[in-house]
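Okay, protein-v6.csv now, which holds CSV, C-alpha atoms:
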chain,number,residue,atom,x,y,z
A,220,LEU,CA,7.4,3.7,5.9
A,221,PRO,CA,6.7,5.7,9.0
A,222,LEU,CA,3.1,6.3,9.7
A,223,ALA,CA,3.5,10.0,9.2
A,224,GLU,CA,4.7,9.4,5.6
A,225,VAL,CA,1.9,7.0,4.9
A,226,TYR,CA,-0.6,9.6,6.1
A,227,ARG,CA,1.1,12.3,4.0
A,228,ARG,CA,0.7,10.1,0.9
A,229,VAL,CA,-3.0,9.4,1.7
A,230,ASP,CA,-3.5,13.2,2.0
A,231,ILE,CA,-1.9,13.7,-1.4
A,232,ILE,CA,-4.1,11.1,-3.0
A,233,ARG,CA,-7.2,12.7,-1.4
A,234,ALA,CA,-6.2,16.1,-2.7
A,235,ALA,CA,-5.4,14.9,-6.2
A,236,TYR,CA,-8.3,12.5,-6.8
A,237,GLY,CA,-11.0,13.5,-4.3
A,238,HIS,CA,-13.5,11.5,-2.3
A,239,GLY,CA,-14.3,7.8,-2.9
A,240,VAL,CA,-11.0,6.8,-4.6
A,241,ASP,CA,-9.6,3.3,-3.8
A,242,VAL,CA,-6.4,3.3,-1.9
A,243,GLN,CA,-4.4,0.0,-2.1
A,244,ILE,CA,-2.5,-0.7,1.1
A,245,THR,CA,0.4,-2.7,-0.2
A,246,GLY,CA,4.2,-2.4,-0.6
A,247,GLY,CA,6.0,-5.5,0.2
A,248,GLU,CA,3.7,-7.4,2.6
A,249,PRO,CA,1.5,-5.0,4.6
A,250,THR,CA,0.6,-7.6,7.2
A,251,LEU,CA,4.2,-7.7,8.3
A,252,ARG,CA,3.5,-4.2,9.8
A,253,ASN,CA,2.4,-4.0,13.4
A,254,ALA,CA,-1.4,-4.7,13.5
A,255,ASP,CA,-2.1,-1.5,15.5
A,256,GLU,CA,-0.3,0.5,12.7
A,257,LEU,CA,-2.1,-1.4,9.9
A,258,GLU,CA,-5.4,-0.7,11.6
A,259,ALA,CA,-4.5,3.0,12.0
A,260,ILE,CA,-3.7,3.2,8.3
A,261,VAL,CA,-7.1,1.8,7.4
A,262,ARG,CA,-8.8,4.2,9.7
A,263,TYR,CA,-6.9,7.1,8.3
A,264,VAL,CA,-7.8,6.2,4.7
A,265,VAL,CA,-11.5,5.8,5.6
A,266,ALA,CA,-11.5,9.1,7.6
A,267,ALA,CA,-10.1,10.8,4.5
A,268,GLY,CA,-13.2,9.6,2.6
A,269,LEU,CA,-11.4,7.0,0.6
A,270,ARG,CA,-11.9,3.2,0.2
A,271,ALA,CA,-9.2,1.0,1.8
A,272,THR,CA,-8.1,-2.2,0.0
A,273,LEU,CA,-5.6,-4.5,1.5
A,274,MET,CA,-3.2,-6.2,-1.0
A,275,THR,CA,-1.6,-9.2,0.7
A,276,ASN,CA,-0.1,-12.6,0.0
A,277,GLY,CA,-2.5,-13.8,2.7
A,278,ILE,CA,0.0,-15.7,4.8
A,279,ARG,CA,-0.4,-13.5,7.9
A,280,ALA,CA,-4.0,-12.3,7.1
A,281,SER,CA,-5.7,-14.3,9.8
A,282,ARG,CA,-9.4,-14.1,10.4
A,283,ALA,CA,-8.8,-12.1,13.6
A,284,LEU,CA,-6.7,-9.5,11.6
A,285,LEU,CA,-9.2,-9.3,8.8
A,286,ARG,CA,-12.1,-8.8,11.3
A,287,ARG,CA,-10.1,-6.0,13.0
A,288,LEU,CA,-9.4,-4.3,9.7
A,289,ALA,CA,-13.0,-4.7,8.5
A,290,GLY,CA,-14.1,-3.1,11.8
A,291,ALA,CA,-11.7,-0.2,11.0
A,292,GLY,CA,-13.4,0.3,7.6
A,293,LEU,CA,-11.5,-1.9,5.2
A,294,SER,CA,-13.6,-2.5,2.1
A,295,ASP,CA,-11.7,-5.1,0.1
A,296,VAL,CA,-8.9,-7.6,0.4
A,297,ALA,CA,-7.0,-8.8,-2.6
A,298,PHE,CA,-4.9,-11.9,-2.1
A,299,HIS,CA,-1.9,-12.5,-4.3
A,300,VAL,CA,-1.8,-16.2,-4.9
A,301,ASP,CA,-0.1,-17.8,-7.9
A,302,SER,CA,2.5,-20.4,-8.9
A,303,THR,CA,5.2,-17.8,-9.4
A,304,GLN,CA,5.5,-17.6,-5.6
A,305,GLY,CA,6.7,-21.2,-5.3
A,306,ARG,CA,4.5,-22.0,-2.3
A,307,LYS,CA,5.5,-25.4,-0.9
A,308,GLY,CA,2.9,-28.1,-1.3
A,309,TYR,CA,1.2,-26.5,-4.3
A,310,ALA,CA,2.3,-28.0,-7.6
A,311,ASN,CA,0.4,-25.8,-9.9
A,312,GLU,CA,-2.4,-23.1,-10.2
A,313,ALA,CA,-5.2,-25.7,-9.8
A,314,ALA,CA,-3.6,-26.9,-6.5
A,315,LEU,CA,-3.6,-23.3,-5.3
A,316,ASN,CA,-7.4,-23.3,-5.5
A,317,GLU,CA,-7.3,-25.0,-2.1
A,318,LEU,CA,-5.4,-22.1,-0.6
A,319,ARG,CA,-7.7,-19.6,-2.3
A,320,ARG,CA,-10.7,-21.3,-0.7
A,321,GLU,CA,-9.0,-21.1,2.7
A,322,TYR,CA,-8.5,-17.3,2.2
A,323,ILE,CA,-12.2,-16.9,1.2
A,324,GLU,CA,-13.2,-18.6,4.4
A,325,GLN,CA,-10.9,-16.3,6.4
A,326,ALA,CA,-12.9,-13.3,5.1
A,327,ARG,CA,-16.4,-14.9,4.9
A,328,GLY,CA,-19.0,-12.9,6.7
A,329,LEU,CA,-16.8,-9.9,7.4
A,330,GLY,CA,-18.3,-7.6,4.7
A,331,LEU,CA,-15.2,-7.6,2.6
A,332,ALA,CA,-15.0,-7.9,-1.1
A,333,VAL,CA,-12.4,-10.7,-1.8
A,334,MET,CA,-10.3,-10.6,-4.9
A,335,PHE,CA,-7.3,-12.7,-6.1
A,336,ASN,CA,-4.3,-11.3,-8.0
A,337,THR,CA,-2.3,-13.4,-10.3
A,338,THR,CA,1.1,-12.6,-12.0
A,339,LEU,CA,1.3,-13.4,-15.7
A,340,GLU,CA,4.6,-14.8,-16.7

Kindly present the structure from the file in structure tokens form.
Amino acid sequence: LPLAEVYRRVDIIRAAYGHGVDVQITGGEPTLRNADELEAIVRYVVAAGLRATLMTNGIRASRALLRRLAGAGLSDVAFHVDSTQGRKGYANEAALNELRREYIEQARGLGLAVMFNTTLE
């Protein structure tokens, strides 16, 4: 979506639900968006008085990007990691715990709440 449309939708959420509501930045994979635009979205959400949560598969959520987004006001990051994604080198859910630990380390010390999403089959 163009930034103007993202901002319009944030404004609608703010008008409908008020201050302090969580806004999930998602839709496909948000880290595929230009980092400047992603940071601008986080800043816009926060300036609107809302909480920004990044919903990502984590593949491009580097520590540098997470640090930048945390600096812009990101509150939470939710990593979608599960066996339905068919990630190479991970035979099952237990094996994916290694990857989950890596993602926790990416966010450690940045002031972000870290969550993991899993798809039920």

Give me the residues of stretch 223-265 of chain A that have any atom at most 6 Å from an atom of stretch 272-282 of chain A; for each, the nearest atom pair and the distance in Å, rounded to one decimal. Use only C-alpha atoms, sort by chain and number, and format it as a tab-separated table.
residue	atom	partner	partner_atom	distance
A:Gln243	CA	A:Thr272	CA	4.8
A:Ile244	CA	A:Leu273	CA	4.9
A:Thr245	CA	A:Met274	CA	5.1
A:Glu248	CA	A:Thr275	CA	5.9

Produce a file of the selected residues containing C-alpha atoms, as a short mmCIF file (atom, residue, chain, number, x, y, z; two decimals), in the coordinates of the input.
data_model
loop_
_atom_site.label_atom_id
_atom_site.label_comp_id
_atom_site.auth_asym_id
_atom_site.auth_seq_id
_atom_site.Cartn_x
_atom_site.Cartn_y
_atom_site.Cartn_z
CA GLN A 243 -4.40 0.00 -2.10
CA ILE A 244 -2.50 -0.70 1.10
CA THR A 245 0.40 -2.70 -0.20
CA GLU A 248 3.70 -7.40 2.60
#

Near-A:Arg320 list (12 Å; only C-alpha atoms; drop same-chain fewer than 4 positions) as a PDB file with C-alpha atoms, in the frame of the given file:
ATOM      1  CA  GLY A 277      -2.500 -13.800   2.700  1.00  0.00           C
ATOM      2  CA  PHE A 298      -4.900 -11.900  -2.100  1.00  0.00           C
ATOM      3  CA  VAL A 300      -1.800 -16.200  -4.900  1.00  0.00           C
ATOM      4  CA  ALA A 313      -5.200 -25.700  -9.800  1.00  0.00           C
ATOM      5  CA  ALA A 314      -3.600 -26.900  -6.500  1.00  0.00           C
ATOM      6  CA  LEU A 315      -3.600 -23.300  -5.300  1.00  0.00           C
ATOM      7  CA  ASN A 316      -7.400 -23.300  -5.500  1.00  0.00           C
ATOM      8  CA  GLU A 324     -13.200 -18.600   4.400  1.00  0.00           C
ATOM      9  CA  GLN A 325     -10.900 -16.300   6.400  1.00  0.00           C
ATOM     10  CA  ALA A 326     -12.900 -13.300   5.100  1.00  0.00           C
ATOM     11  CA  ARG A 327     -16.400 -14.900   4.900  1.00  0.00           C
ATOM     12  CA  VAL A 333     -12.400 -10.700  -1.800  1.00  0.00           C
ATOM     13  CA  MET A 334     -10.300 -10.600  -4.900  1.00  0.00           C
ATOM     14  CA  PHE A 335      -7.300 -12.700  -6.100  1.00  0.00           C
TER      15      PHE A 335
END

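Of note, atom CA of A:Val265 and atom CA of A:Arg227 are spaced 14.3 Å apart.
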
Best match for closeness to A:Gly237 among A:Leu251, A:Ala283, A:Ala267, A:Ala297, counting all atoms listed in the file: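 Of the candidates, the smallest distance to A:Gly237 is held by A:Ala267.
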
Counting only C-alpha atoms, closest pick from A:Leu293, A:Leu285, A:Ala234, A:Thr338 relative to A:Ala254 is A:Leu285

If I take atom CA of A:Asp241 and atom CA of A:Gln304, how far is one from the other in Å, to one decimal?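 So the two atoms, atom CA of A:Asp241 and atom CA of A:Gln304, lie 25.8 Å apart.
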
Find the residues near A:Arg270: any atom within 12 Å, counting all atoms listed in the file, skip ones fewer than 2 places away on the same chain, and give them as number ranges by chain. A: 229, 232-233, 237-244, 260-268, 272-273, 289, 291-296, 331-332

Using only C-alpha atoms, which of A:Arg306, A:Arg228, A:Arg252, A:Arg319 sits nearest A:Leu284? A:Arg252

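Nearest-residue note for A:Ala271: choosing from A:Glu224, A:Glu312, A:Glu258, A:Asp301, the minimum distance belongs to A:Glu258, counting all atoms listed in the file.
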
Just the number, please: distance in Å from atom CA of A:Glu321 to atom CA of A:Glu256, one decimal.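 According to the coordinates, atom CA of A:Glu321 and atom CA of A:Glu256 are separated by 25.3 Å.
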
Which one is closest to A:His299: A:Ala235, A:Asp230, A:Asn253, A:Thr337? Count all atoms listed in the file.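 Using all atoms listed in the file, the shortest distance to A:His299 belongs to A:Thr337.
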
Final N, CA, C and O atoms of stretch 250-271 of chain A as a compact mmCIF listing (two decimals), keeping the file's coordinate frame:
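Output (rebuild-v9.txt):
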# COMPACT_ATOMS: atom_id res chain seq x y z
N THR A 250 0.89 -6.94 5.93
CA THR A 250 0.60 -7.60 7.20
C THR A 250 1.79 -7.88 8.04
O THR A 250 1.66 -8.34 9.17
N LEU A 251 2.98 -7.57 7.52
CA LEU A 251 4.20 -7.70 8.30
C LEU A 251 4.29 -6.44 9.28
O LEU A 251 5.03 -6.46 10.25
N ARG A 252 3.53 -5.41 8.97
CA ARG A 252 3.50 -4.20 9.80
C ARG A 252 2.74 -4.57 11.11
O ARG A 252 1.87 -5.43 11.11
N ASN A 253 3.06 -3.89 12.18
CA ASN A 253 2.40 -4.00 13.40
C ASN A 253 0.86 -3.88 13.20
O ASN A 253 0.44 -2.96 12.50
N ALA A 254 0.04 -4.76 13.78
CA ALA A 254 -1.40 -4.70 13.50
C ALA A 254 -2.04 -3.42 13.95
O ALA A 254 -2.97 -2.94 13.30
N ASP A 255 -1.55 -2.81 15.03
CA ASP A 255 -2.10 -1.50 15.50
C ASP A 255 -1.84 -0.45 14.38
O ASP A 255 -2.71 0.37 14.10
N GLU A 256 -0.65 -0.46 13.79
CA GLU A 256 -0.30 0.50 12.70
C GLU A 256 -1.16 0.24 11.48
O GLU A 256 -1.65 1.18 10.86
N LEU A 257 -1.31 -1.02 11.12
CA LEU A 257 -2.10 -1.40 9.90
C LEU A 257 -3.54 -0.91 10.13
O LEU A 257 -4.15 -0.32 9.23
N GLU A 258 -4.09 -1.15 11.31
CA GLU A 258 -5.40 -0.70 11.60
C GLU A 258 -5.52 0.84 11.54
O GLU A 258 -6.48 1.41 11.01
N ALA A 259 -4.51 1.51 12.06
CA ALA A 259 -4.50 3.00 12.00
C ALA A 259 -4.46 3.50 10.60
O ALA A 259 -5.12 4.50 10.28
N ILE A 260 -3.74 2.83 9.73
CA ILE A 260 -3.70 3.20 8.30
C ILE A 260 -5.07 3.10 7.69
O ILE A 260 -5.55 4.00 7.00
N VAL A 261 -5.71 1.97 7.92
CA VAL A 261 -7.10 1.80 7.40
C VAL A 261 -7.99 2.86 7.89
O VAL A 261 -8.74 3.48 7.11
N ARG A 262 -7.96 3.13 9.17
CA ARG A 262 -8.80 4.20 9.70
C ARG A 262 -8.53 5.54 9.13
O ARG A 262 -9.45 6.31 8.85
N TYR A 263 -7.28 5.84 8.88
CA TYR A 263 -6.90 7.10 8.30
C TYR A 263 -7.43 7.25 6.87
O TYR A 263 -7.98 8.28 6.48
N VAL A 264 -7.28 6.18 6.10
CA VAL A 264 -7.80 6.20 4.70
C VAL A 264 -9.29 6.40 4.71
O VAL A 264 -9.80 7.24 3.96
N VAL A 265 -10.00 5.69 5.55
CA VAL A 265 -11.50 5.80 5.60
C VAL A 265 -11.88 7.19 6.09
O VAL A 265 -12.80 7.81 5.54
N ALA A 266 -11.20 7.72 7.10
CA ALA A 266 -11.50 9.10 7.60
C ALA A 266 -11.29 10.14 6.55
O ALA A 266 -11.96 11.17 6.56
N ALA A 267 -10.38 9.86 5.61
CA ALA A 267 -10.10 10.80 4.50
C ALA A 267 -11.17 10.69 3.41
O ALA A 267 -11.11 11.41 2.42
N GLY A 268 -12.14 9.79 3.58
CA GLY A 268 -13.20 9.60 2.60
C GLY A 268 -12.83 8.75 1.43
O GLY A 268 -13.43 8.83 0.36
N LEU A 269 -11.84 7.89 1.64
CA LEU A 269 -11.40 7.00 0.60
C LEU A 269 -11.70 5.56 0.95
O LEU A 269 -12.04 5.25 2.09
N ARG A 270 -11.61 4.66 -0.04
CA ARG A 270 -11.90 3.20 0.20
C ARG A 270 -10.55 2.52 0.38
O ARG A 270 -9.63 2.67 -0.42
N ALA A 271 -10.47 1.72 1.42
CA ALA A 271 -9.20 1.00 1.80
C ALA A 271 -9.30 -0.43 1.25
O ALA A 271 -10.23 -1.16 1.54
